[in-house]
$ cat coords-v5.txt   # compact mmCIF, C-alpha atoms and all ligand atoms
# COMPACT_ATOMS: atom_id res chain seq x y z
CA MET A 1 -21.30 -22.52 -0.39
CA LEU A 2 -20.32 -22.49 3.28
CA ALA A 3 -23.55 -20.67 4.18
CA ALA A 4 -25.60 -23.23 2.26
CA ALA A 5 -23.79 -26.11 3.95
CA LEU A 6 -24.33 -24.56 7.38
CA PHE A 7 -27.98 -24.00 6.58
CA LEU A 8 -28.40 -27.68 5.67
CA LEU A 9 -26.55 -28.70 8.80
CA ALA A 10 -28.89 -26.56 10.89
CA GLN A 11 -31.85 -28.33 9.29
CA VAL A 12 -30.47 -31.76 10.13
CA PHE A 13 -29.37 -30.83 13.65
CA PRO A 14 -31.86 -28.15 14.70
CA LEU A 15 -30.63 -28.17 18.30
CA HIS A 16 -27.08 -27.33 17.31
CA ALA A 17 -26.77 -23.57 17.08
CA GLN A 18 -23.30 -22.41 16.09
CA SER A 19 -21.72 -20.54 19.01
CA ILE A 20 -19.98 -17.20 18.58
CA GLU A 21 -16.64 -18.92 19.26
CA GLU A 22 -17.32 -21.32 16.35
CA LYS A 23 -18.24 -18.43 14.06
CA ALA A 24 -15.17 -16.49 15.13
CA ALA A 25 -12.96 -19.50 14.44
CA THR A 26 -13.66 -19.16 10.70
CA CYS A 27 -12.21 -15.63 10.80
CA GLY A 28 -8.92 -17.00 12.14
CA ALA A 29 -8.16 -18.59 8.77
CA CYS A 30 -7.15 -15.14 7.50
CA HIS A 31 -7.06 -12.81 10.52
CA GLY A 32 -4.95 -15.32 12.48
CA GLU A 33 -5.69 -17.89 15.19
CA ALA A 34 -3.90 -15.68 17.71
CA GLY A 35 -4.72 -12.35 16.08
CA ILE A 36 -1.71 -12.12 13.75
CA PRO A 37 -3.02 -12.15 10.17
CA GLN A 38 -1.59 -14.69 7.72
CA GLU A 39 -1.05 -12.07 5.01
CA LYS A 40 0.38 -8.60 5.45
CA THR A 41 -2.46 -6.92 3.56
CA THR A 42 -5.02 -8.47 5.96
CA PRO A 43 -5.74 -6.15 8.93
CA ILE A 44 -5.48 -6.95 12.64
CA ILE A 45 -9.03 -7.17 14.04
CA TRP A 46 -8.14 -8.35 17.57
CA GLY A 47 -8.56 -5.43 19.97
CA GLN A 48 -9.94 -3.13 17.25
CA GLN A 49 -12.76 -0.74 18.28
CA GLU A 50 -16.13 -2.50 18.52
CA GLY A 51 -18.25 0.10 16.71
CA TYR A 52 -15.73 0.30 13.89
CA LEU A 53 -15.61 -3.52 13.46
CA TYR A 54 -19.38 -3.70 13.23
CA LEU A 55 -19.63 -0.85 10.71
CA GLN A 56 -17.01 -2.44 8.43
CA LEU A 57 -18.82 -5.81 8.43
CA ARG A 58 -22.07 -3.98 7.64
CA ASP A 59 -20.40 -2.00 4.84
CA PHE A 60 -18.89 -5.16 3.30
CA LYS A 61 -22.30 -6.83 3.43
CA ARG A 62 -23.97 -3.81 1.81
CA GLY A 63 -21.28 -3.63 -0.86
CA MET A 64 -20.18 -0.11 0.14
CA ARG A 65 -16.76 -1.60 0.85
CA LYS A 66 -15.64 -4.41 -1.43
CA ASN A 67 -12.96 -7.06 -1.19
CA GLN A 68 -12.73 -10.42 -2.97
CA LYS A 69 -11.89 -12.27 0.24
CA MET A 70 -13.90 -10.35 2.80
CA SER A 71 -17.14 -9.52 0.95
CA PRO A 72 -18.44 -13.13 0.64
CA ILE A 73 -17.77 -13.67 4.37
CA ALA A 74 -19.77 -10.59 5.40
CA GLU A 75 -22.59 -11.37 2.96
CA ALA A 76 -23.24 -14.63 4.84
CA LEU A 77 -23.56 -12.88 8.22
CA GLU A 78 -26.74 -11.60 9.89
CA ARG A 79 -26.79 -8.32 11.80
CA GLU A 80 -26.80 -10.20 15.16
CA ASP A 81 -23.70 -12.16 14.10
CA MET A 82 -21.90 -8.97 13.10
CA LEU A 83 -22.69 -7.29 16.42
CA ALA A 84 -21.59 -10.38 18.36
CA LEU A 85 -18.39 -10.82 16.32
CA ALA A 86 -17.51 -7.12 16.74
CA ALA A 87 -17.94 -7.42 20.53
CA PHE A 88 -15.97 -10.71 20.57
CA PHE A 89 -12.93 -9.38 18.68
CA ALA A 90 -12.94 -5.95 20.38
CA LYS A 91 -12.42 -7.70 23.76
CA LYS A 92 -9.24 -9.47 22.60
CA SER A 93 -5.92 -7.82 23.21
CA TRP A 94 -4.17 -6.17 20.27
CA PRO A 95 -1.26 -8.38 19.08
CA SER A 96 2.18 -7.01 18.28
CA LEU A 97 3.45 -7.47 14.74
CA GLU A 98 6.85 -6.27 15.97
CA GLN A 99 7.20 -3.78 13.16
CA PRO A 100 10.25 -1.52 13.55
CA SER A 101 9.76 2.04 14.87
CA ALA A 102 10.13 4.79 12.29
CA SER A 103 13.53 6.53 12.18
CA LYS A 104 13.77 9.92 13.92
CA ASP A 105 13.68 11.72 10.58
CA VAL A 106 10.59 9.86 9.34
CA ALA A 107 8.83 10.29 12.70
CA THR A 108 9.48 14.06 12.69
CA ARG A 109 8.09 14.44 9.18
CA ALA A 110 5.11 12.21 10.02
CA LEU A 111 4.26 14.17 13.18
CA THR A 112 4.38 17.47 11.28
CA ALA A 113 1.94 16.12 8.68
CA ILE A 114 -0.27 14.53 11.36
CA SER A 115 -0.60 17.81 13.25
CA SER A 116 -1.26 19.86 10.12
CA VAL A 117 -4.07 17.49 9.00
CA GLY A 118 -5.29 16.87 12.55
CA CYS A 119 -5.49 13.05 12.36
CA THR A 120 -5.40 12.81 16.17
CA GLY A 121 -8.56 14.95 16.41
CA CYS A 122 -10.45 11.78 15.45
CA HIS A 123 -8.02 8.87 15.94
CA LEU A 124 -6.94 10.25 19.37
CA ASP A 125 -3.50 11.02 20.74
CA GLN A 126 -2.16 7.44 20.88
CA PHE A 127 -3.94 6.53 17.60
CA GLN A 128 -6.01 4.14 19.70
CA GLY A 129 -9.31 5.21 18.11
CA ASP A 130 -12.69 5.14 19.84
CA ALA A 131 -16.12 3.69 19.02
CA SER A 132 -16.51 3.99 15.23
CA VAL A 133 -13.03 5.50 14.71
CA PRO A 134 -10.41 2.76 14.19
CA ARG A 135 -7.19 2.16 16.06
CA LEU A 136 -4.24 2.71 13.70
CA ALA A 137 -1.27 2.25 16.08
CA GLY A 138 0.59 -0.99 15.29
CA GLN A 139 -1.69 -1.92 12.37
CA SER A 140 0.05 -3.81 9.55
CA ARG A 141 2.13 -1.42 7.41
CA GLU A 142 1.14 -3.13 4.13
CA TYR A 143 -2.55 -3.04 5.05
CA LEU A 144 -2.40 0.65 6.06
CA ALA A 145 -0.69 1.53 2.77
CA LYS A 146 -3.26 -0.49 0.80
CA THR A 147 -6.33 0.93 2.50
CA ILE A 148 -5.03 4.52 2.28
CA ALA A 149 -4.45 3.96 -1.47
CA ASP A 150 -7.97 2.47 -1.73
CA PHE A 151 -9.45 5.55 -0.01
CA ARG A 152 -7.60 7.77 -2.49
CA THR A 153 -8.88 5.96 -5.58
CA ARG A 154 -12.31 5.54 -3.88
CA GLU A 155 -12.03 1.78 -4.39
CA ARG A 156 -12.82 1.94 -0.66
CA ALA A 157 -16.00 4.01 -0.96
CA ASN A 158 -17.58 3.62 2.46
CA ASN A 159 -16.31 6.91 3.87
CA PRO A 160 -16.08 9.73 1.30
CA GLY A 161 -14.81 12.13 4.00
CA MET A 162 -11.72 9.96 4.59
CA SER A 163 -11.20 9.75 0.81
CA ASP A 164 -11.27 13.58 0.54
CA LEU A 165 -8.85 13.90 3.44
CA MET A 166 -6.45 11.32 1.96
CA ASN A 167 -6.51 13.09 -1.40
CA ALA A 168 -5.78 16.41 0.33
CA THR A 169 -2.64 14.89 1.90
CA SER A 170 0.49 14.32 -0.22
CA GLN A 171 1.63 10.77 -1.06
CA ASP A 172 4.98 11.54 0.61
CA ASP A 173 3.31 12.59 3.85
CA LEU A 174 1.05 9.53 3.77
CA ALA A 175 4.07 7.25 3.29
CA THR A 176 5.85 8.70 6.35
CA ILE A 177 2.61 8.56 8.41
CA THR A 178 2.14 4.88 7.45
CA GLU A 179 5.65 3.97 8.56
CA TYR A 180 5.24 5.95 11.78
CA LEU A 181 1.85 4.37 12.66
CA ALA A 182 2.98 0.80 11.89
CA GLY A 183 5.93 1.17 14.27
CA ARG A 184 3.85 2.53 17.18
C1 LIG B 1 -10.57 -15.42 3.26
C2 LIG B 1 -9.88 -14.50 4.17
C3 LIG B 1 -10.73 -13.80 5.23
C4 LIG B 1 -11.62 -14.36 6.13
C5 LIG B 1 -11.98 -15.81 6.31
C6 LIG B 1 -12.12 -13.25 6.94
N1 LIG B 1 -11.55 -12.07 6.54
FE1 LIG B 1 -11.95 -10.22 7.30
N2 LIG B 1 -10.69 -9.38 5.92
C7 LIG B 1 -9.94 -10.07 4.99
C8 LIG B 1 -9.19 -9.12 4.18
C9 LIG B 1 -8.21 -9.48 3.06
C10 LIG B 1 -9.52 -7.82 4.65
C11 LIG B 1 -9.03 -6.48 4.10
C12 LIG B 1 -9.98 -6.01 3.03
C13 LIG B 1 -9.54 -4.74 2.36
O1 LIG B 1 -8.36 -4.60 2.03
O2 LIG B 1 -10.39 -3.88 2.16
C14 LIG B 1 -10.47 -8.02 5.75
C15 LIG B 1 -11.05 -6.99 6.47
C16 LIG B 1 -11.86 -7.17 7.58
C17 LIG B 1 -12.37 -6.10 8.41
C18 LIG B 1 -12.06 -4.61 8.27
C19 LIG B 1 -10.94 -4.25 9.22
C20 LIG B 1 -10.43 -2.84 9.09
O3 LIG B 1 -9.42 -2.51 9.77
O4 LIG B 1 -10.98 -2.07 8.33
C21 LIG B 1 -13.13 -6.68 9.39
C22 LIG B 1 -13.87 -5.99 10.50
C23 LIG B 1 -13.09 -8.11 9.17
N3 LIG B 1 -12.31 -8.38 8.07
C24 LIG B 1 -13.73 -9.05 9.98
C25 LIG B 1 -13.78 -10.41 9.73
C26 LIG B 1 -14.57 -11.35 10.50
C27 LIG B 1 -15.39 -11.00 11.72
C28 LIG B 1 -14.40 -12.58 9.92
C29 LIG B 1 -15.05 -13.91 10.29
C30 LIG B 1 -16.51 -13.92 10.29
C31 LIG B 1 -13.49 -12.39 8.79
N4 LIG B 1 -13.14 -11.07 8.72
C32 LIG B 1 -13.05 -13.41 7.96
C33 LIG B 1 -9.90 -11.44 4.83
C34 LIG B 1 -10.70 -12.36 5.50
C1 LIG B 2 -12.75 13.77 10.90
C2 LIG B 2 -12.23 12.59 11.61
C3 LIG B 2 -10.99 11.92 11.02
C4 LIG B 2 -9.78 12.49 10.70
C5 LIG B 2 -9.36 13.95 10.83
C6 LIG B 2 -8.95 11.41 10.21
N1 LIG B 2 -9.64 10.23 10.24
FE1 LIG B 2 -8.97 8.43 9.59
N2 LIG B 2 -10.78 7.62 9.90
C7 LIG B 2 -11.86 8.27 10.47
C8 LIG B 2 -13.01 7.37 10.49
C9 LIG B 2 -14.39 7.67 11.05
C10 LIG B 2 -12.57 6.16 9.89
C11 LIG B 2 -13.43 4.92 9.60
C12 LIG B 2 -13.93 5.03 8.19
C13 LIG B 2 -14.89 3.94 7.84
O1 LIG B 2 -15.97 3.89 8.43
O2 LIG B 2 -14.56 3.12 6.98
C14 LIG B 2 -11.18 6.36 9.53
C15 LIG B 2 -10.39 5.38 8.93
C16 LIG B 2 -9.02 5.51 8.71
C17 LIG B 2 -8.17 4.45 8.22
C18 LIG B 2 -8.58 3.01 7.90
C19 LIG B 2 -8.22 2.11 9.06
C20 LIG B 2 -8.54 0.65 8.83
O3 LIG B 2 -8.40 -0.15 9.76
O4 LIG B 2 -8.93 0.31 7.70
C21 LIG B 2 -6.91 4.96 8.13
C22 LIG B 2 -5.66 4.24 7.66
C23 LIG B 2 -6.99 6.35 8.56
N3 LIG B 2 -8.29 6.64 8.91
C24 LIG B 2 -5.90 7.21 8.61
C25 LIG B 2 -5.99 8.56 8.91
C26 LIG B 2 -4.89 9.49 8.81
C27 LIG B 2 -3.46 9.08 8.43
C28 LIG B 2 -5.37 10.73 9.12
C29 LIG B 2 -4.65 12.06 9.05
C30 LIG B 2 -3.90 12.29 7.77
C31 LIG B 2 -6.80 10.57 9.42
N4 LIG B 2 -7.13 9.24 9.29
C32 LIG B 2 -7.64 11.58 9.80
C33 LIG B 2 -11.88 9.56 10.94
C34 LIG B 2 -10.88 10.49 10.73
$ encode --input "coords-v5.txt" --output "structure tokens"
Amino acid sequence: MLAAALFLLAQVFPLHAQSIEEKAATCGACHGEAGIPQEKTTPIIWGQQEGYLYLQLRDFKRGMRKNQKMSPIAEALEREDMLALAAFFAKKSWPSLEQPSASKDVATRALTAISSVGCTGCHLDQFQGDASVPRLAGQSREYLAKTIADFRTRERANNPGMSDLMNATSQDDLATITEYLAGR
């Protein structure tokens, strides 16, 4: 609907090309005007790794990752838009959700699980991510829990390797890791 309306608008006003800022403004409706998402199961995208942001948009568009809210948005985007939006949001600074730090006990258990699986081998020592590997530190707790569960059931099917890894890790360990990462 929105895409059709924009298409018509472009026909009527051929000189008016929508700027990247205007396109990005539509994302704010869910991901937050200042980077803090409206709902807890919506991820922070401000300051996320550029390569990762692009790949997720591409995967939503291709249907390899599905979500009722996000899929229709990505389907309306062209590759150039996705690249530009990824670059735009990656340059923003990561907002703080002010989630509490994990207790000492939870943190100890999380760190033991993290080192036995080797999460930091890919997500790096501060869980800041790099290129196509996402930042996890300070991401919304509810979103992390949801997406980890989606990897396990393969509802999130765009990275079978992550699904295997999540299924090889116990639910208890994943719960402590989620709490630890959210509070970082
Ligand atoms: C109607 C609400 C809504 C709008 C508008 C929206 N998103 Fe999303 N977005 C979501 C939700 C919800 C998710 C989480 C999907 C899931 O759980 O798999 C998401 C996920 C994402 C992800 C994956 C992040 C990650 O950590 O894996 C990216 C990237 C993204 N959105 C970018 C955008 C961009 C860019 C726009 C604007 C063009 C946009 N979104 C507009 C709701 C929205
Ligand atoms: C072999 C490298 C590797 C290892 C080890 C790894 N990850 Fe990942 N992880 C990735 C990649 C790559 C992605 C992006 C997947 C995609 O393209 O959707 C990812 C995605 C994620 C996401 C989704 C983030 C988001 O914004 O949606 C979470 C959560 C996650 N990993 C947690 C973990 C945890 C917890 C561990 C350890 C138990 C771990 N990962 C170990 C490479 C790895």
$ residues_around --input "coords-v5.txt" --residues "A:Phe60" --least-positions-apart "3" --cutoff "10 Å" --atoms "only C-alpha atoms" --output "number ranges by chain"
A: 55-57, 63-67, 70-75, 158
$ write_last_selection --input "coords-v5.txt" --atoms "C-alpha atoms" --output "PDB file, in the coordinates of the input"
ATOM      1  CA  LEU A  55     -19.630  -0.850  10.710  1.00  0.00           C
ATOM      2  CA  GLN A  56     -17.010  -2.440   8.430  1.00  0.00           C
ATOM      3  CA  LEU A  57     -18.820  -5.810   8.430  1.00  0.00           C
ATOM      4  CA  GLY A  63     -21.280  -3.630  -0.860  1.00  0.00           C
ATOM      5  CA  MET A  64     -20.180  -0.110   0.140  1.00  0.00           C
ATOM      6  CA  ARG A  65     -16.760  -1.600   0.850  1.00  0.00           C
ATOM      7  CA  LYS A  66     -15.640  -4.410  -1.430  1.00  0.00           C
ATOM      8  CA  ASN A  67     -12.960  -7.060  -1.190  1.00  0.00           C
ATOM      9  CA  MET A  70     -13.900 -10.350   2.800  1.00  0.00           C
ATOM     10  CA  SER A  71     -17.140  -9.520   0.950  1.00  0.00           C
ATOM     11  CA  PRO A  72     -18.440 -13.130   0.640  1.00  0.00           C
ATOM     12  CA  ILE A  73     -17.770 -13.670   4.370  1.00  0.00           C
ATOM     13  CA  ALA A  74     -19.770 -10.590   5.400  1.00  0.00           C
ATOM     14  CA  GLU A  75     -22.590 -11.370   2.960  1.00  0.00           C
ATOM     15  CA  ASN A 158     -17.580   3.620   2.460  1.00  0.00           C
TER      16      ASN A 158
END
$ residues_near_ligand --input "coords-v5.txt" --ligand "ligand LIG 1 (chain B)" --cutoff "7 Å" --atoms "all atoms listed in the file" --output "number ranges by chain"
A: 23-24, 26-31, 41-45, 53-54, 56-57, 65-67, 69-70, 73-74, 82, 85-86, 134, 143, 146-147, 156
$ axis_aligned_box --input "coords-v5.txt" --around "ligand LIG 2 (chain B)" --padding-each-side "3 Å" --output "AutoDock Vina command-line options"
--center_x -9.7 --center_y 6.9 --center_z 9.3 --size_x 18.5 --size_y 20.1 --size_z 10.6
$ closest_residue --input "coords-v5.txt" --among "A:Gln49, A:Gln128, A:Asn159, A:Thr112" --to "A:Leu174" --atoms "only C-alpha atoms"
A:Thr112
$ residues_around --input "coords-v5.txt" --residues "A:Arg135" --least-positions-apart "2" --cutoff "7 Å" --atoms "only C-alpha atoms" --output "NGL selection string"
:A and (48-49 or 123 or 127-129 or 133 or 137)
$ write_last_selection --input "coords-v5.txt" --atoms "C-alpha atoms" --output "compact mmCIF listing (two decimals), in the coordinates of the input"
# COMPACT_ATOMS: atom_id res chain seq x y z
CA GLN A 48 -9.94 -3.13 17.25
CA GLN A 49 -12.76 -0.74 18.28
CA HIS A 123 -8.02 8.87 15.94
CA PHE A 127 -3.94 6.53 17.60
CA GLN A 128 -6.01 4.14 19.70
CA GLY A 129 -9.31 5.21 18.11
CA VAL A 133 -13.03 5.50 14.71
CA ALA A 137 -1.27 2.25 16.08
$ closest_residue --input "coords-v5.txt" --among "A:Gln171, A:Ser132, A:Ser163, A:Thr176" --to "ligand LIG 2 (chain B)" --atoms "all atoms listed in the file"
A:Ser132
$ atom_distance --input "coords-v5.txt" --atom1 "atom CA of A:Gly161" --atom2 "atom CA of A:Ile177"
18.3 Å
$ closest_residue --input "coords-v5.txt" --among "A:Gln18, A:Gln126, A:Gln68, A:Ser140" --to "A:Glu179" --atoms "only C-alpha atoms"
A:Ser140
$ closest_residue --input "coords-v5.txt" --among "A:Ala76, A:Ala34, A:Ile20, A:Met162" --to "A:Leu97" --atoms "all atoms listed in the file"
A:Ala34
$ build_atoms --input "coords-v5.txt" --residues "stretch 45-70 of chain A" --atoms "N, CA, C and O atoms" --output "PDB file, in the frame of the given file"
ATOM      1  N   ILE A  45      -7.699  -7.524  13.518  1.00  0.00           N
ATOM      2  CA  ILE A  45      -9.030  -7.170  14.040  1.00  0.00           C
ATOM      3  C   ILE A  45      -9.119  -7.417  15.551  1.00  0.00           C
ATOM      4  O   ILE A  45     -10.034  -6.934  16.187  1.00  0.00           O
ATOM      5  N   TRP A  46      -8.158  -8.127  16.123  1.00  0.00           N
ATOM      6  CA  TRP A  46      -8.140  -8.350  17.570  1.00  0.00           C
ATOM      7  C   TRP A  46      -7.876  -7.019  18.271  1.00  0.00           C
ATOM      8  O   TRP A  46      -6.865  -6.355  17.973  1.00  0.00           O
ATOM      9  N   GLY A  47      -8.776  -6.651  19.207  1.00  0.00           N
ATOM     10  CA  GLY A  47      -8.560  -5.430  19.970  1.00  0.00           C
ATOM     11  C   GLY A  47      -8.936  -4.159  19.225  1.00  0.00           C
ATOM     12  O   GLY A  47      -8.735  -3.058  19.733  1.00  0.00           O
ATOM     13  N   GLN A  48      -9.472  -4.310  18.017  1.00  0.00           N
ATOM     14  CA  GLN A  48      -9.940  -3.130  17.250  1.00  0.00           C
ATOM     15  C   GLN A  48     -11.221  -2.610  17.911  1.00  0.00           C
ATOM     16  O   GLN A  48     -11.885  -3.335  18.646  1.00  0.00           O
ATOM     17  N   GLN A  49     -11.568  -1.347  17.675  1.00  0.00           N
ATOM     18  CA  GLN A  49     -12.760  -0.740  18.280  1.00  0.00           C
ATOM     19  C   GLN A  49     -14.040  -1.455  17.821  1.00  0.00           C
ATOM     20  O   GLN A  49     -14.225  -1.711  16.620  1.00  0.00           O
ATOM     21  N   GLU A  50     -14.913  -1.717  18.785  1.00  0.00           N
ATOM     22  CA  GLU A  50     -16.130  -2.500  18.520  1.00  0.00           C
ATOM     23  C   GLU A  50     -17.053  -1.864  17.478  1.00  0.00           C
ATOM     24  O   GLU A  50     -17.493  -2.529  16.535  1.00  0.00           O
ATOM     25  N   GLY A  51     -17.335  -0.572  17.642  1.00  0.00           N
ATOM     26  CA  GLY A  51     -18.250   0.100  16.710  1.00  0.00           C
ATOM     27  C   GLY A  51     -17.694   0.085  15.297  1.00  0.00           C
ATOM     28  O   GLY A  51     -18.421  -0.153  14.329  1.00  0.00           O
ATOM     29  N   TYR A  52     -16.386   0.311  15.204  1.00  0.00           N
ATOM     30  CA  TYR A  52     -15.730   0.300  13.890  1.00  0.00           C
ATOM     31  C   TYR A  52     -15.819  -1.083  13.238  1.00  0.00           C
ATOM     32  O   TYR A  52     -16.145  -1.196  12.047  1.00  0.00           O
ATOM     33  N   LEU A  53     -15.546  -2.156  14.013  1.00  0.00           N
ATOM     34  CA  LEU A  53     -15.610  -3.520  13.460  1.00  0.00           C
ATOM     35  C   LEU A  53     -17.000  -3.798  12.904  1.00  0.00           C
ATOM     36  O   LEU A  53     -17.145  -4.306  11.787  1.00  0.00           O
ATOM     37  N   TYR A  54     -18.012  -3.450  13.683  1.00  0.00           N
ATOM     38  CA  TYR A  54     -19.380  -3.700  13.230  1.00  0.00           C
ATOM     39  C   TYR A  54     -19.676  -2.933  11.929  1.00  0.00           C
ATOM     40  O   TYR A  54     -20.213  -3.510  10.973  1.00  0.00           O
ATOM     41  N   LEU A  55     -19.321  -1.657  11.904  1.00  0.00           N
ATOM     42  CA  LEU A  55     -19.630  -0.850  10.710  1.00  0.00           C
ATOM     43  C   LEU A  55     -18.932  -1.385   9.455  1.00  0.00           C
ATOM     44  O   LEU A  55     -19.505  -1.344   8.363  1.00  0.00           O
ATOM     45  N   GLN A  56     -17.708  -1.898   9.609  1.00  0.00           N
ATOM     46  CA  GLN A  56     -17.010  -2.440   8.430  1.00  0.00           C
ATOM     47  C   GLN A  56     -17.700  -3.697   7.920  1.00  0.00           C
ATOM     48  O   GLN A  56     -17.878  -3.875   6.718  1.00  0.00           O
ATOM     49  N   LEU A  57     -18.115  -4.582   8.845  1.00  0.00           N
ATOM     50  CA  LEU A  57     -18.820  -5.810   8.430  1.00  0.00           C
ATOM     51  C   LEU A  57     -20.106  -5.423   7.703  1.00  0.00           C
ATOM     52  O   LEU A  57     -20.414  -5.968   6.638  1.00  0.00           O
ATOM     53  N   ARG A  58     -20.824  -4.453   8.260  1.00  0.00           N
ATOM     54  CA  ARG A  58     -22.070  -3.980   7.640  1.00  0.00           C
ATOM     55  C   ARG A  58     -21.790  -3.422   6.243  1.00  0.00           C
ATOM     56  O   ARG A  58     -22.494  -3.724   5.280  1.00  0.00           O
ATOM     57  N   ASP A  59     -20.721  -2.615   6.133  1.00  0.00           N
ATOM     58  CA  ASP A  59     -20.400  -2.000   4.840  1.00  0.00           C
ATOM     59  C   ASP A  59     -19.971  -3.039   3.798  1.00  0.00           C
ATOM     60  O   ASP A  59     -20.287  -2.901   2.611  1.00  0.00           O
ATOM     61  N   PHE A  60     -19.249  -4.079   4.234  1.00  0.00           N
ATOM     62  CA  PHE A  60     -18.890  -5.160   3.300  1.00  0.00           C
ATOM     63  C   PHE A  60     -20.160  -5.878   2.837  1.00  0.00           C
ATOM     64  O   PHE A  60     -20.301  -6.203   1.664  1.00  0.00           O
ATOM     65  N   LYS A  61     -21.065  -6.114   3.779  1.00  0.00           N
ATOM     66  CA  LYS A  61     -22.300  -6.830   3.430  1.00  0.00           C
ATOM     67  C   LYS A  61     -23.142  -6.011   2.454  1.00  0.00           C
ATOM     68  O   LYS A  61     -23.703  -6.536   1.503  1.00  0.00           O
ATOM     69  N   ARG A  62     -23.182  -4.680   2.694  1.00  0.00           N
ATOM     70  CA  ARG A  62     -23.970  -3.810   1.810  1.00  0.00           C
ATOM     71  C   ARG A  62     -23.296  -3.511   0.481  1.00  0.00           C
ATOM     72  O   ARG A  62     -23.895  -2.888  -0.393  1.00  0.00           O
ATOM     73  N   GLY A  63     -22.023  -3.882   0.368  1.00  0.00           N
ATOM     74  CA  GLY A  63     -21.280  -3.630  -0.860  1.00  0.00           C
ATOM     75  C   GLY A  63     -20.711  -2.221  -0.964  1.00  0.00           C
ATOM     76  O   GLY A  63     -20.215  -1.820  -2.015  1.00  0.00           O
ATOM     77  N   MET A  64     -20.764  -1.455   0.158  1.00  0.00           N
ATOM     78  CA  MET A  64     -20.180  -0.110   0.140  1.00  0.00           C
ATOM     79  C   MET A  64     -18.659  -0.180   0.265  1.00  0.00           C
ATOM     80  O   MET A  64     -17.937   0.732  -0.080  1.00  0.00           O
ATOM     81  N   ARG A  65     -18.187  -1.290   0.834  1.00  0.00           N
ATOM     82  CA  ARG A  65     -16.760  -1.600   0.850  1.00  0.00           C
ATOM     83  C   ARG A  65     -16.650  -2.972   0.236  1.00  0.00           C
ATOM     84  O   ARG A  65     -17.437  -3.863   0.583  1.00  0.00           O
ATOM     85  N   LYS A  66     -15.709  -3.132  -0.715  1.00  0.00           N
ATOM     86  CA  LYS A  66     -15.640  -4.410  -1.430  1.00  0.00           C
ATOM     87  C   LYS A  66     -14.254  -5.019  -1.326  1.00  0.00           C
ATOM     88  O   LYS A  66     -13.246  -4.309  -1.387  1.00  0.00           O
ATOM     89  N   ASN A  67     -14.218  -6.335  -1.178  1.00  0.00           N
ATOM     90  CA  ASN A  67     -12.960  -7.060  -1.190  1.00  0.00           C
ATOM     91  C   ASN A  67     -13.266  -8.512  -1.530  1.00  0.00           C
ATOM     92  O   ASN A  67     -14.163  -9.108  -0.938  1.00  0.00           O
ATOM     93  N   GLN A  68     -12.517  -9.044  -2.487  1.00  0.00           N
ATOM     94  CA  GLN A  68     -12.730 -10.420  -2.970  1.00  0.00           C
ATOM     95  C   GLN A  68     -12.807 -11.450  -1.851  1.00  0.00           C
ATOM     96  O   GLN A  68     -13.587 -12.389  -1.916  1.00  0.00           O
ATOM     97  N   LYS A  69     -11.927 -11.280  -0.836  1.00  0.00           N
ATOM     98  CA  LYS A  69     -11.890 -12.270   0.240  1.00  0.00           C
ATOM     99  C   LYS A  69     -12.944 -11.972   1.292  1.00  0.00           C
ATOM    100  O   LYS A  69     -13.606 -12.866   1.796  1.00  0.00           O
ATOM    101  N   MET A  70     -13.080 -10.714   1.646  1.00  0.00           N
ATOM    102  CA  MET A  70     -13.900 -10.350   2.800  1.00  0.00           C
ATOM    103  C   MET A  70     -15.391 -10.209   2.464  1.00  0.00           C
ATOM    104  O   MET A  70     -16.237 -10.536   3.304  1.00  0.00           O
TER     105      MET A  70
END
